[in-house]
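Colleague: I am sharing entry10.cif, which consists of mmCIF, N, CA and C atoms:
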data_entry
#
loop_
_atom_site.label_atom_id
_atom_site.label_comp_id
_atom_site.auth_asym_id
_atom_site.auth_seq_id
_atom_site.Cartn_x
_atom_site.Cartn_y
_atom_site.Cartn_z
N MET A 1 -10.98 -0.14 4.05
CA MET A 1 -9.99 -0.95 4.73
C MET A 1 -9.32 -1.84 3.70
N LEU A 2 -8.04 -1.91 3.76
CA LEU A 2 -7.29 -2.76 2.86
C LEU A 2 -7.34 -4.19 3.35
N SER A 3 -7.38 -5.11 2.40
CA SER A 3 -7.31 -6.51 2.80
C SER A 3 -6.53 -7.29 1.77
N LEU A 4 -5.90 -8.32 2.24
CA LEU A 4 -5.15 -9.22 1.38
C LEU A 4 -5.87 -10.55 1.41
N SER A 5 -6.04 -11.17 0.27
CA SER A 5 -6.71 -12.46 0.29
C SER A 5 -6.24 -13.31 -0.88
N ASP A 6 -6.43 -14.61 -0.73
CA ASP A 6 -6.27 -15.50 -1.86
C ASP A 6 -7.61 -16.21 -2.04
N ASN A 7 -7.70 -17.10 -2.96
CA ASN A 7 -8.99 -17.71 -3.29
C ASN A 7 -9.56 -18.57 -2.17
N ASN A 8 -8.73 -19.23 -1.39
CA ASN A 8 -9.20 -20.19 -0.40
C ASN A 8 -9.18 -19.66 1.03
N ALA A 9 -8.54 -18.54 1.27
CA ALA A 9 -8.38 -18.05 2.64
C ALA A 9 -9.30 -16.87 2.90
N LYS A 10 -9.57 -16.65 4.18
CA LYS A 10 -10.33 -15.47 4.57
C LYS A 10 -9.48 -14.23 4.34
N PRO A 11 -10.10 -13.06 4.08
CA PRO A 11 -9.30 -11.84 3.94
C PRO A 11 -8.59 -11.50 5.25
N ILE A 12 -7.39 -11.01 5.13
CA ILE A 12 -6.61 -10.60 6.29
C ILE A 12 -6.66 -9.08 6.34
N ALA A 13 -7.28 -8.53 7.35
CA ALA A 13 -7.40 -7.08 7.45
C ALA A 13 -6.09 -6.50 7.97
N ILE A 14 -5.57 -5.52 7.25
CA ILE A 14 -4.34 -4.88 7.68
C ILE A 14 -4.59 -4.01 8.91
N MET A 15 -5.77 -3.38 8.98
CA MET A 15 -6.11 -2.50 10.08
C MET A 15 -7.16 -3.18 10.95
N ASN A 16 -6.88 -4.42 11.39
CA ASN A 16 -7.87 -5.15 12.16
C ASN A 16 -7.96 -4.65 13.59
N SER A 17 -9.00 -5.06 14.27
CA SER A 17 -9.23 -4.54 15.61
C SER A 17 -8.20 -5.03 16.63
N THR A 18 -7.64 -6.22 16.44
CA THR A 18 -6.63 -6.71 17.38
C THR A 18 -5.38 -5.83 17.31
N PHE A 19 -4.97 -5.50 16.12
CA PHE A 19 -3.80 -4.64 15.93
C PHE A 19 -4.02 -3.27 16.57
N THR A 20 -5.16 -2.64 16.28
CA THR A 20 -5.41 -1.31 16.84
C THR A 20 -5.67 -1.37 18.34
N THR A 21 -6.21 -2.48 18.82
CA THR A 21 -6.39 -2.64 20.26
C THR A 21 -5.04 -2.67 20.96
N ILE A 22 -4.10 -3.41 20.39
CA ILE A 22 -2.75 -3.46 20.96
C ILE A 22 -2.12 -2.07 20.94
N LEU A 23 -2.24 -1.36 19.83
CA LEU A 23 -1.68 0.00 19.75
C LEU A 23 -2.34 0.93 20.77
N ARG A 24 -3.67 0.84 20.89
CA ARG A 24 -4.39 1.70 21.84
C ARG A 24 -3.95 1.41 23.27
N MET A 25 -3.80 0.13 23.61
CA MET A 25 -3.38 -0.25 24.95
C MET A 25 -1.94 0.18 25.22
N LEU A 26 -1.08 0.03 24.23
CA LEU A 26 0.31 0.43 24.36
C LEU A 26 0.43 1.94 24.57
N LEU A 27 -0.30 2.71 23.78
CA LEU A 27 -0.28 4.16 23.92
C LEU A 27 -0.89 4.59 25.25
N GLY A 28 -2.01 3.99 25.62
CA GLY A 28 -2.64 4.33 26.90
C GLY A 28 -1.73 4.03 28.09
N THR A 29 -1.06 2.89 28.05
CA THR A 29 -0.15 2.52 29.13
C THR A 29 1.03 3.48 29.21
N SER A 30 1.61 3.82 28.06
CA SER A 30 2.75 4.74 28.08
C SER A 30 2.33 6.12 28.59
N LEU A 31 1.13 6.57 28.22
CA LEU A 31 0.66 7.87 28.74
C LEU A 31 0.45 7.82 30.25
N LEU A 32 -0.09 6.73 30.75
CA LEU A 32 -0.26 6.60 32.20
C LEU A 32 1.09 6.60 32.92
N ILE A 33 2.04 5.88 32.38
CA ILE A 33 3.37 5.82 33.01
C ILE A 33 4.03 7.19 33.01
N PHE A 34 4.03 7.87 31.85
CA PHE A 34 4.66 9.19 31.80
C PHE A 34 3.89 10.22 32.62
N GLY A 35 2.57 10.09 32.69
CA GLY A 35 1.78 11.01 33.50
C GLY A 35 2.06 10.84 34.99
N ILE A 36 2.10 9.59 35.45
CA ILE A 36 2.41 9.31 36.86
C ILE A 36 3.83 9.75 37.18
N ASN A 37 4.75 9.57 36.21
CA ASN A 37 6.14 9.95 36.43
C ASN A 37 6.29 11.45 36.70
N LYS A 38 5.43 12.26 36.13
CA LYS A 38 5.51 13.72 36.37
C LYS A 38 5.18 14.07 37.82
N PHE A 39 4.43 13.21 38.49
CA PHE A 39 4.10 13.44 39.90
C PHE A 39 5.11 12.79 40.84
N PHE A 40 5.59 11.59 40.50
CA PHE A 40 6.42 10.82 41.43
C PHE A 40 7.87 10.62 41.00
N ALA A 41 8.23 11.00 39.80
CA ALA A 41 9.60 10.95 39.28
C ALA A 41 10.32 9.63 39.55
N PHE A 42 9.72 8.52 39.14
CA PHE A 42 10.35 7.22 39.32
C PHE A 42 11.20 6.81 38.12
N ILE A 43 11.06 7.51 36.99
CA ILE A 43 11.93 7.27 35.83
C ILE A 43 13.01 8.36 35.87
N PRO A 44 14.28 7.97 35.90
CA PRO A 44 15.33 8.99 35.98
C PRO A 44 15.36 9.86 34.72
N ILE A 45 15.64 11.13 34.93
CA ILE A 45 15.75 12.07 33.81
C ILE A 45 17.17 12.00 33.28
N PHE A 46 17.27 11.74 31.99
CA PHE A 46 18.58 11.66 31.36
C PHE A 46 19.10 13.06 31.07
N ASP A 47 20.40 13.17 30.88
CA ASP A 47 20.98 14.46 30.53
C ASP A 47 20.40 14.95 29.21
N MET A 48 20.03 16.21 29.21
CA MET A 48 19.46 16.81 28.00
C MET A 48 20.40 17.88 27.50
N ALA A 49 20.18 18.24 26.25
CA ALA A 49 20.90 19.38 25.68
C ALA A 49 20.55 20.62 26.50
N PRO A 50 21.44 21.61 26.58
CA PRO A 50 21.16 22.80 27.40
C PRO A 50 19.85 23.50 27.03
N ALA A 51 19.55 23.62 25.75
CA ALA A 51 18.30 24.28 25.35
C ALA A 51 17.09 23.51 25.84
N ALA A 52 17.15 22.19 25.77
CA ALA A 52 16.04 21.36 26.25
C ALA A 52 15.90 21.45 27.76
N ALA A 53 17.01 21.43 28.47
CA ALA A 53 16.97 21.55 29.93
C ALA A 53 16.42 22.90 30.36
N ASN A 54 16.80 23.97 29.67
CA ASN A 54 16.27 25.30 29.97
C ASN A 54 14.77 25.37 29.73
N PHE A 55 14.33 24.77 28.63
CA PHE A 55 12.90 24.76 28.32
C PHE A 55 12.11 24.00 29.39
N MET A 56 12.59 22.82 29.77
CA MET A 56 11.90 22.03 30.78
C MET A 56 11.90 22.74 32.14
N GLU A 57 13.00 23.40 32.46
CA GLU A 57 13.07 24.16 33.71
C GLU A 57 12.07 25.31 33.71
N SER A 58 11.92 25.97 32.57
CA SER A 58 10.95 27.07 32.50
C SER A 58 9.52 26.55 32.65
N LEU A 59 9.23 25.39 32.07
CA LEU A 59 7.89 24.81 32.25
C LEU A 59 7.68 24.41 33.71
N ASN A 60 8.70 23.85 34.32
CA ASN A 60 8.60 23.44 35.71
C ASN A 60 8.46 24.63 36.66
N SER A 61 9.12 25.73 36.32
CA SER A 61 9.09 26.89 37.21
C SER A 61 7.74 27.59 37.23
N THR A 62 6.87 27.31 36.25
CA THR A 62 5.53 27.91 36.29
C THR A 62 4.73 27.34 37.46
N GLY A 63 5.06 26.12 37.86
CA GLY A 63 4.36 25.50 38.97
C GLY A 63 3.09 24.77 38.57
N TYR A 64 2.66 24.88 37.32
CA TYR A 64 1.41 24.22 36.95
C TYR A 64 1.45 23.51 35.58
N VAL A 65 2.25 23.96 34.64
CA VAL A 65 2.17 23.45 33.27
C VAL A 65 2.41 21.94 33.21
N LEU A 66 3.46 21.47 33.83
CA LEU A 66 3.75 20.04 33.78
C LEU A 66 2.68 19.22 34.50
N TYR A 67 2.05 19.77 35.53
CA TYR A 67 0.99 19.07 36.23
C TYR A 67 -0.28 19.00 35.37
N VAL A 68 -0.56 20.04 34.62
CA VAL A 68 -1.70 20.02 33.70
C VAL A 68 -1.46 18.98 32.61
N VAL A 69 -0.26 18.96 32.06
CA VAL A 69 0.08 17.97 31.05
C VAL A 69 -0.02 16.56 31.64
N ALA A 70 0.46 16.38 32.86
CA ALA A 70 0.40 15.07 33.52
C ALA A 70 -1.06 14.64 33.71
N CYS A 71 -1.90 15.54 34.14
CA CYS A 71 -3.32 15.20 34.32
C CYS A 71 -3.97 14.84 32.99
N LEU A 72 -3.64 15.57 31.95
CA LEU A 72 -4.16 15.24 30.62
C LEU A 72 -3.66 13.87 30.16
N GLU A 73 -2.39 13.59 30.40
CA GLU A 73 -1.85 12.28 30.03
C GLU A 73 -2.56 11.16 30.78
N LEU A 74 -2.82 11.37 32.06
CA LEU A 74 -3.53 10.36 32.85
C LEU A 74 -4.96 10.18 32.35
N LEU A 75 -5.64 11.27 32.08
CA LEU A 75 -7.01 11.20 31.57
C LEU A 75 -7.05 10.49 30.22
N ILE A 76 -6.21 10.92 29.30
CA ILE A 76 -6.19 10.32 27.96
C ILE A 76 -5.78 8.86 28.02
N GLY A 77 -4.76 8.55 28.81
CA GLY A 77 -4.32 7.17 28.97
C GLY A 77 -5.44 6.28 29.50
N GLY A 78 -6.17 6.77 30.50
CA GLY A 78 -7.29 6.02 31.04
C GLY A 78 -8.40 5.82 30.02
N LEU A 79 -8.73 6.87 29.28
CA LEU A 79 -9.76 6.74 28.25
C LEU A 79 -9.36 5.72 27.18
N LEU A 80 -8.09 5.74 26.79
CA LEU A 80 -7.62 4.78 25.79
C LEU A 80 -7.63 3.36 26.33
N LEU A 81 -7.18 3.16 27.56
CA LEU A 81 -7.13 1.82 28.14
C LEU A 81 -8.53 1.23 28.33
N PHE A 82 -9.48 2.06 28.73
CA PHE A 82 -10.84 1.58 28.98
C PHE A 82 -11.76 1.72 27.78
N LYS A 83 -11.20 2.16 26.64
CA LYS A 83 -11.92 2.32 25.37
C LYS A 83 -13.17 3.17 25.54
N LYS A 84 -13.01 4.27 26.23
CA LYS A 84 -14.10 5.22 26.42
C LYS A 84 -13.75 6.51 25.69
N TRP A 85 -14.64 6.98 24.86
CA TRP A 85 -14.47 8.24 24.14
C TRP A 85 -13.13 8.32 23.43
N VAL A 86 -12.74 7.24 22.79
CA VAL A 86 -11.42 7.18 22.15
C VAL A 86 -11.21 8.30 21.13
N PRO A 87 -12.19 8.60 20.24
CA PRO A 87 -11.97 9.72 19.31
C PRO A 87 -11.71 11.05 20.03
N PHE A 88 -12.43 11.29 21.13
CA PHE A 88 -12.21 12.51 21.92
C PHE A 88 -10.82 12.49 22.55
N ALA A 89 -10.41 11.35 23.08
CA ALA A 89 -9.08 11.22 23.69
C ALA A 89 -8.00 11.51 22.66
N LEU A 90 -8.20 11.05 21.43
CA LEU A 90 -7.20 11.28 20.38
C LEU A 90 -7.14 12.75 19.97
N VAL A 91 -8.28 13.44 20.01
CA VAL A 91 -8.28 14.88 19.74
C VAL A 91 -7.50 15.62 20.82
N LEU A 92 -7.67 15.22 22.07
CA LEU A 92 -6.90 15.83 23.15
C LEU A 92 -5.41 15.51 23.03
N LEU A 93 -5.11 14.31 22.57
CA LEU A 93 -3.73 13.84 22.52
C LEU A 93 -2.94 14.44 21.36
N ALA A 94 -3.58 14.73 20.24
CA ALA A 94 -2.87 15.17 19.04
C ALA A 94 -1.93 16.35 19.29
N PRO A 95 -2.37 17.45 19.91
CA PRO A 95 -1.42 18.56 20.12
C PRO A 95 -0.30 18.21 21.10
N ILE A 96 -0.56 17.30 22.02
CA ILE A 96 0.48 16.90 22.96
C ILE A 96 1.58 16.13 22.24
N VAL A 97 1.20 15.16 21.40
CA VAL A 97 2.24 14.38 20.72
C VAL A 97 2.97 15.20 19.66
N VAL A 98 2.27 16.16 19.06
CA VAL A 98 2.97 17.06 18.12
C VAL A 98 4.03 17.86 18.86
N ASN A 99 3.71 18.35 20.04
CA ASN A 99 4.69 19.10 20.83
C ASN A 99 5.82 18.22 21.33
N ILE A 100 5.53 16.98 21.67
CA ILE A 100 6.59 16.04 22.06
C ILE A 100 7.54 15.84 20.89
N LEU A 101 6.99 15.64 19.70
CA LEU A 101 7.82 15.47 18.52
C LEU A 101 8.65 16.72 18.23
N LEU A 102 8.05 17.88 18.29
CA LEU A 102 8.77 19.13 18.02
C LEU A 102 9.85 19.38 19.06
N PHE A 103 9.56 19.07 20.33
CA PHE A 103 10.57 19.21 21.38
C PHE A 103 11.81 18.38 21.04
N HIS A 104 11.57 17.13 20.64
CA HIS A 104 12.71 16.26 20.35
C HIS A 104 13.37 16.58 19.01
N LEU A 105 12.65 17.11 18.07
CA LEU A 105 13.25 17.51 16.80
C LEU A 105 14.17 18.72 16.97
N PHE A 106 13.72 19.70 17.76
CA PHE A 106 14.44 20.96 17.84
C PHE A 106 15.31 21.13 19.08
N LEU A 107 14.99 20.43 20.17
CA LEU A 107 15.72 20.67 21.41
C LEU A 107 16.51 19.47 21.94
N ASP A 108 16.00 18.26 21.74
CA ASP A 108 16.67 17.09 22.31
C ASP A 108 16.44 15.88 21.41
N VAL A 109 17.30 15.73 20.44
CA VAL A 109 17.14 14.69 19.42
C VAL A 109 17.29 13.28 20.01
N SER A 110 17.89 13.15 21.17
CA SER A 110 18.15 11.82 21.73
C SER A 110 16.88 11.02 22.00
N GLY A 111 15.76 11.67 22.25
CA GLY A 111 14.52 10.96 22.53
C GLY A 111 13.56 10.90 21.36
N ILE A 112 14.07 11.09 20.16
CA ILE A 112 13.21 11.19 18.99
C ILE A 112 12.46 9.90 18.69
N LEU A 113 13.04 8.74 19.00
CA LEU A 113 12.37 7.47 18.69
C LEU A 113 11.05 7.31 19.45
N VAL A 114 11.05 7.68 20.71
CA VAL A 114 9.81 7.60 21.49
C VAL A 114 8.77 8.56 20.92
N ALA A 115 9.21 9.75 20.54
CA ALA A 115 8.30 10.74 19.98
C ALA A 115 7.70 10.26 18.66
N VAL A 116 8.52 9.71 17.79
CA VAL A 116 8.03 9.19 16.51
C VAL A 116 7.07 8.03 16.75
N PHE A 117 7.40 7.17 17.69
CA PHE A 117 6.55 6.05 18.07
C PHE A 117 5.17 6.54 18.50
N MET A 118 5.14 7.55 19.36
CA MET A 118 3.86 8.07 19.85
C MET A 118 3.06 8.75 18.75
N VAL A 119 3.72 9.51 17.89
CA VAL A 119 3.02 10.17 16.78
C VAL A 119 2.47 9.12 15.81
N ALA A 120 3.25 8.11 15.52
CA ALA A 120 2.81 7.07 14.58
C ALA A 120 1.60 6.32 15.12
N ILE A 121 1.63 5.93 16.38
CA ILE A 121 0.49 5.22 16.96
C ILE A 121 -0.74 6.12 16.99
N THR A 122 -0.56 7.37 17.35
CA THR A 122 -1.69 8.30 17.37
C THR A 122 -2.27 8.47 15.98
N ALA A 123 -1.42 8.58 14.97
CA ALA A 123 -1.89 8.72 13.59
C ALA A 123 -2.66 7.48 13.13
N VAL A 124 -2.17 6.30 13.46
CA VAL A 124 -2.87 5.07 13.09
C VAL A 124 -4.23 5.01 13.76
N LEU A 125 -4.30 5.38 15.04
CA LEU A 125 -5.58 5.35 15.75
C LEU A 125 -6.55 6.40 15.23
N ILE A 126 -6.04 7.58 14.88
CA ILE A 126 -6.91 8.59 14.27
C ILE A 126 -7.47 8.07 12.95
N TYR A 127 -6.63 7.43 12.17
CA TYR A 127 -7.09 6.83 10.91
C TYR A 127 -8.17 5.78 11.18
N LYS A 128 -7.97 4.96 12.19
CA LYS A 128 -8.93 3.91 12.54
C LYS A 128 -10.29 4.52 12.91
N TYR A 129 -10.28 5.63 13.62
CA TYR A 129 -11.52 6.27 14.08
C TYR A 129 -11.94 7.44 13.19
N TRP A 130 -11.45 7.49 11.96
CA TRP A 130 -11.68 8.63 11.08
C TRP A 130 -13.16 8.91 10.85
N LYS A 131 -14.01 7.88 10.84
CA LYS A 131 -15.45 8.09 10.64
C LYS A 131 -16.03 8.99 11.73
N SER A 132 -15.46 8.95 12.90
CA SER A 132 -15.94 9.80 14.00
C SER A 132 -15.64 11.28 13.75
N TYR A 133 -14.64 11.56 12.92
CA TYR A 133 -14.23 12.93 12.66
C TYR A 133 -14.81 13.49 11.35
N SER A 134 -15.43 12.64 10.54
CA SER A 134 -15.86 13.07 9.21
C SER A 134 -16.84 14.24 9.25
N SER A 135 -17.68 14.31 10.26
CA SER A 135 -18.65 15.42 10.34
C SER A 135 -17.96 16.76 10.59
N LEU A 136 -16.76 16.74 11.11
CA LEU A 136 -16.03 17.98 11.35
C LEU A 136 -15.56 18.62 10.05
N PHE A 137 -15.47 17.83 8.98
CA PHE A 137 -14.90 18.31 7.72
C PHE A 137 -15.93 18.44 6.61
N GLN A 138 -17.20 18.59 6.96
CA GLN A 138 -18.26 18.74 5.96
C GLN A 138 -18.54 20.20 5.68
#
Spell out the structure here as structure tokens.

Modeller:
Amino acid sequence: MLSLSDNNAKPIAIMNSTFTTILRMLLGTSLLIFGINKFFAFIPIFDMAPAAANFMESLNSTGYVLYVVACLELLIGGLLLFKKWVPFALVLLAPIVVNILLFHLFLDVSGILVAVFMVAITAVLIYKYWKSYSSLFQ
């Protein structure tokens, strides 16, 4: 962990628990909101590029894909908010946020800021919990 200090002050942790707690709560809340929105559609859908609209329509026409994603978002959001199995929640979340980023990179650039925000927070949290993953790479 990096720290900044001077001779008379306590070290200031750059990756302190308050910072990561705020990020975890922010990410968990956004996942809950977007997950609930897939069931109740209380956030209006903005106009998308034709390719993005076609892709979303094809996912919706399956009848289950968006509901599975919504359930995963609700589960992961709850785990993050209640600080239960956070490393497991981040493993579940990683492919979802990568796909969100790729969707906005290739199909609908207008929402790229939210996607980058989610990927960045997920990456910071994975870094914070990296000790939990170290046994996977031995």

Colleague: Find the distance between CA of Leu31 (chain A) and atom N of Leu136 (chain A) and write it in Å to one decimal.

Modeller: 26.3 Å

Colleague: Find the spatial neighbours of Ala53 (chain A), counting only C-alpha atoms, within a cut-off of 10 Å - ignore same-chain residues fewer than 5 positions away - and output them as a ChimeraX atom specification.

Modeller: /A:47-48,58-59,107-108

Colleague: Selection in question (the file shown): the PyMOL selection byres (((chain A and resi 101 and name CA) around 12) and name CA). Which residues does it include, as a PyMOL selection string?

Modeller: chain A and resi 94-100+102-120+122

Colleague: Compile the contact shell of Val69 (chain A) as number ranges by chain: residues with an atom at most 6.5 Å away, counting all atoms listed in the file, same-chain residues fewer than 5 positions apart removed.

Modeller: A: 35, 64, 74

Colleague: For region 129-132 of chain A, please output as a PyMOL selection string all residues within 8 Å (counting only N, CA and C atoms; exclusion window: fewer than 6 positions along the same chain).

Modeller: chain A and resi 86-87+123

Colleague: My list of candidates is A:Phe39, A:Trp85, A:Tyr127, A:Phe19. Which is closest to Cys71 (chain A) when distances are computed with only C-alpha atoms?

Modeller: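 Distance minimum relative to Cys71 (chain A) lands on A:Phe39.
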
Colleague: Just the number, please: distance in Å from CA of Thr21 (chain A) to CA of Leu81 (chain A), one decimal.

Modeller: 9.1 Å

Colleague: Just asking: which residues within chain A are helix (DSSP H, G or I) according to DSSP, as a VMD selection string?

Modeller: chain A and resid 17 to 40 50 to 61 65 to 81 86 to 106 109 to 128 130 to 137

Colleague: Considering all atoms listed in the file, state which residue in the set A:Thr62, A:Lys84, A:Leu26, A:Leu90 is at the smallest distance from Leu125 (chain A).

Modeller: A:Leu90

Colleague: What gap, in Å, lies between atom N of Gln138 (chain A) and CA of Lys83 (chain A)?

Modeller: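 Atom-to-atom, atom N of Gln138 (chain A) to CA of Lys83 (chain A), that is 25.1 Å.
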
Colleague: Since I can't run it myself right now, could you work out what the PyMOL selection byres ((chain A and resi 24) around 8) selects here and report it as a ChimeraX atom specification?

Modeller: /A:18-23,25-30,79-82,121,125

Colleague: Can you check which residues of chain A DSSP gives as strand (DSSP E or B) on the backbone and send them as a ChimeraX atom specification?

Modeller: /A:3-4,12-13

Colleague: To box region 80-92 of chain A, take all atoms listed in the file, fit an axis-aligned box, add 3 Å on each side, and give centre and edge lengths in Å to one decimal, as AutoDock Vina command-line options.

Modeller:
--center_x -10.0 --center_y 8.5 --center_z 24.1 --size_x 15.2 --size_y 20.6 --size_z 15.7
